[in-house]
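Visitor: Just dropping this structure here.
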Amino acid sequence: MLDRYPLVTQTRHAAGRPWHLRCVTDQDALVARVQTDEDLANFPFGMLLWASAHALALRLADEPSLVAGKRVLELGAGVGYVGLVAAHLGAAEVIQTDYHPDCLELCRQNARLNNVPNVTVRTGDWRTWPPELVGFDLVIGTDILYERTLHPTLTALLPTLGKPILLSDPIRPAALEFVEQRERDGWKITTEAKQVVWAGEPRDTMLLWMR
């Protein structure tokens with residue numbers, strides 16, 4: 001299933017150990033596969049490993065009690081990095097979700113590659129959400145706010161999933177708009193700045209707490 005992607009293995013360090021992650025690093029090669037509007041709609045953005053995922057992984061590692069003994073739901077899991085770190089830090093349950101089947105398979109491969117068996121991978125399309133995936137102790141997600149047209153769908157879904165919600169983002173304008181809109185809706189949102197070294201350069205990211 002994944003043979004058609006230009007996958008490489010990257011190693012990142014978090015929570016006191018290395019993480020070997022199969023992912024796509026050549027975004028141009030991935031984009032070159034887009035030929036139709038349908039291809040674009042089903043574009044597997046999650047196959048890329050984002051700096052904001054590393055930022056969230058490091059944030060959990062800074063405070064393991066955020067996940068230890070907790071039921072954790074990961075939205076838009078992509079390559080599965082952050083959910084694997086949560087499981088390693090002692091989460092009672094980690095469910096990784098993504099809408100794209102190839103990302104789900106990549107999550108499974110990375111769990112095996114890093115010897116983290118205690119994660120569950122589920123299809124999670126926000127428009128047709130599995131009704132049993134609700135009421136978690138912590139909801140996490142990386143770079144999931146880039147598509148403005150999905151903000152209403154995500155906004156309707158979030159209250160059912162559990163609280164708190166901790167998201168990371170590379171400070172995209174769409175994410176800032178999402179924050180402003182949700183604050184107007186009555187959400188209590190606090191932000192943290194997190195800088196990580198990525199591709200040899202410092203990258204600024206934003207962590208969003210939603211309660």
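How things are named: the first chain in the structure tokens is A, the next is B, and so on; residues count from 1 in each chain; ligands count from 1 in the order shown.
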So which residues touch Arg127 of chain A within 10 Å, counting only C-alpha atoms, skipping near sequence neighbours fewer than 2 positions away, as a list in words?
Guide: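 Listing them by chain and then by number gives Tyr99, Gly124, Asp125, Trp129, Pro130, Leu150, Thr153, Leu154, Ala156 and Leu157 of chain A.
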Visitor: Sort by chain and increasing residue number a table of all residues of segment 108-167 of chain A within 10 Å of segment 46-52 of chain A, each with its closest pair of atoms and their distance in Å to one decimal, counting only C-alpha atoms, and write it as a Markdown table.
Guide:
```
| residue | atom | partner | partner_atom | distance |
| --- | --- | --- | --- | --- |
| A:Gly141 | CA | A:Ser52 | CA | 9.6 |
| A:Thr142 | CA | A:Ser52 | CA | 6.2 |
| A:Asp143 | CA | A:Ser52 | CA | 6.6 |
| A:Ile144 | CA | A:Gly46 | CA | 9.5 |
| A:Leu167 | CA | A:Ser52 | CA | 9.1 |
```
Visitor: For the selection you just gave me, I'd like the residues written to a file as a PDB file, in the first residue's frame, keeping C-alpha atoms.
Guide:
```
ATOM      1  CA  GLY A 141      -3.596  16.918  17.361  1.00  0.00           C
ATOM      2  CA  THR A 142      -0.811  18.305  15.202  1.00  0.00           C
ATOM      3  CA  ASP A 143      -1.241  20.811  12.380  1.00  0.00           C
ATOM      4  CA  ILE A 144      -4.922  19.995  11.868  1.00  0.00           C
ATOM      5  CA  LEU A 167      -3.130  21.112  19.617  1.00  0.00           C
TER       6      LEU A 167
END
```
Visitor: In terms of the shortest atom-to-atom distance over only C-alpha atoms, which of A:Ser65, A:Thr155, A:Thr97, A:Asn114 is closest to Trp187 of chain A?
Guide: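 Nearest to Trp187 of chain A: A:Thr155.
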Visitor: Have a look at A:Glu192, A:Glu63, A:Glu177, A:Glu74 and name the one nearest to Leu158 of chain A; count only C-alpha atoms.
Guide: A:Glu74
Visitor: Between A:Pro159, A:Glu201, A:Leu176, A:Arg59, which has the minimum distance to Val134 of chain A (counting only C-alpha atoms)?
Guide: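 Checking each candidate against Val134 of chain A, we get A:Pro159 as the closest.
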Visitor: Taking the DSSP assignment computed from this structure's backbone, write out as number ranges by chain all residues of segment 70-115 of chain A that belong to alpha helix (DSSP H).
Guide: A: 81-88, 101-113
Visitor: Kindly export the residues of the current selection with C-alpha atoms, as a PDB file, in the first residue's frame.
Guide:
```
ATOM      1  CA  TYR A  81       4.711  10.216  16.260  1.00  0.00           C
ATOM      2  CA  VAL A  82       2.900  12.040  19.061  1.00  0.00           C
ATOM      3  CA  GLY A  83       0.579   9.180  19.919  1.00  0.00           C
ATOM      4  CA  LEU A  84       3.540   6.827  20.203  1.00  0.00           C
ATOM      5  CA  VAL A  85       5.213   9.207  22.633  1.00  0.00           C
ATOM      6  CA  ALA A  86       2.001   9.389  24.674  1.00  0.00           C
ATOM      7  CA  ALA A  87       1.855   5.593  24.873  1.00  0.00           C
ATOM      8  CA  HIS A  88       5.518   5.421  25.874  1.00  0.00           C
ATOM      9  CA  PRO A 101      -6.038   4.869   5.008  1.00  0.00           C
ATOM     10  CA  ASP A 102      -2.393   5.219   4.000  1.00  0.00           C
ATOM     11  CA  CYS A 103      -1.693   7.335   7.071  1.00  0.00           C
ATOM     12  CA  LEU A 104      -3.356   4.695   9.223  1.00  0.00           C
ATOM     13  CA  GLU A 105      -1.086   2.036   7.750  1.00  0.00           C
ATOM     14  CA  LEU A 106       1.924   4.274   8.345  1.00  0.00           C
ATOM     15  CA  CYS A 107       0.888   4.645  12.000  1.00  0.00           C
ATOM     16  CA  ARG A 108       0.814   0.870  12.312  1.00  0.00           C
ATOM     17  CA  GLN A 109       4.224   0.504  10.700  1.00  0.00           C
ATOM     18  CA  ASN A 110       5.783   3.119  12.953  1.00  0.00           C
ATOM     19  CA  ALA A 111       4.279   1.512  16.049  1.00  0.00           C
ATOM     20  CA  ARG A 112       5.916  -1.777  15.078  1.00  0.00           C
ATOM     21  CA  LEU A 113       9.191  -0.097  14.127  1.00  0.00           C
TER      22      LEU A 113
END
```
Visitor: Show which residues sit within 12 Å of Tyr146 of chain A, as a list in words. Count only C-alpha atoms, and ignore same-chain residues fewer than 6 positions away.
Guide: Phe45, Gly76, Leu154, Ser168, Asp169, Pro170, Ile171, Arg172, Pro173, Ala174, Ala175, Leu176, Glu177 and Phe178 of chain A
Visitor: Which of these, A:Ala68, A:Ala77, A:Val94, A:Ala55, has the shortest distance to Ala193 of chain A once you count only C-alpha atoms?
Guide: A:Ala55
Visitor: Near Val139 of chain A, within 6 Å and counting only C-alpha atoms, which residues show up once chain neighbours fewer than 5 positions away are dropped, as a count of residues only?
Guide: 4
Visitor: For the strand (DSSP E) assignment from backbone DSSP, which residues of segment 9-210 of chain A qualify? Please present them as a ChimeraX atom specification.
Guide: /A:9-14,17-24,71-75,93-98,120-123,138-142,165-169,189-198,201-210
Visitor: What gap, in Å, lies between atom CA of Val67 of chain A and atom CA of Leu208 of chain A?
Guide: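 Interatomic distance, atom CA of Val67 of chain A to atom CA of Leu208 of chain A: 16.2 Å.
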Visitor: Which residues are near Lys194 of chain A? Cut-off 8 Å, only C-alpha atoms, ignore same chain within fewer than 6 positions. Put them as a PyMOL selection string.
Guide: chain A and resi 55+204-207
Visitor: Work out how far apart atom CA of Ala92 of chain A and atom CA of Arg22 of chain A are and give it in Å to one decimal.
Guide: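 Spanning atom CA of Ala92 of chain A to atom CA of Arg22 of chain A is a straight-line distance of 24.8 Å.
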Visitor: Of the candidates A:Val79, A:Val121, A:Leu138, A:Leu89, which one gets nearest to Pro64 of chain A if we count only C-alpha atoms?
Guide: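 For Pro64 of chain A, the nearest of the given residues is A:Leu89.
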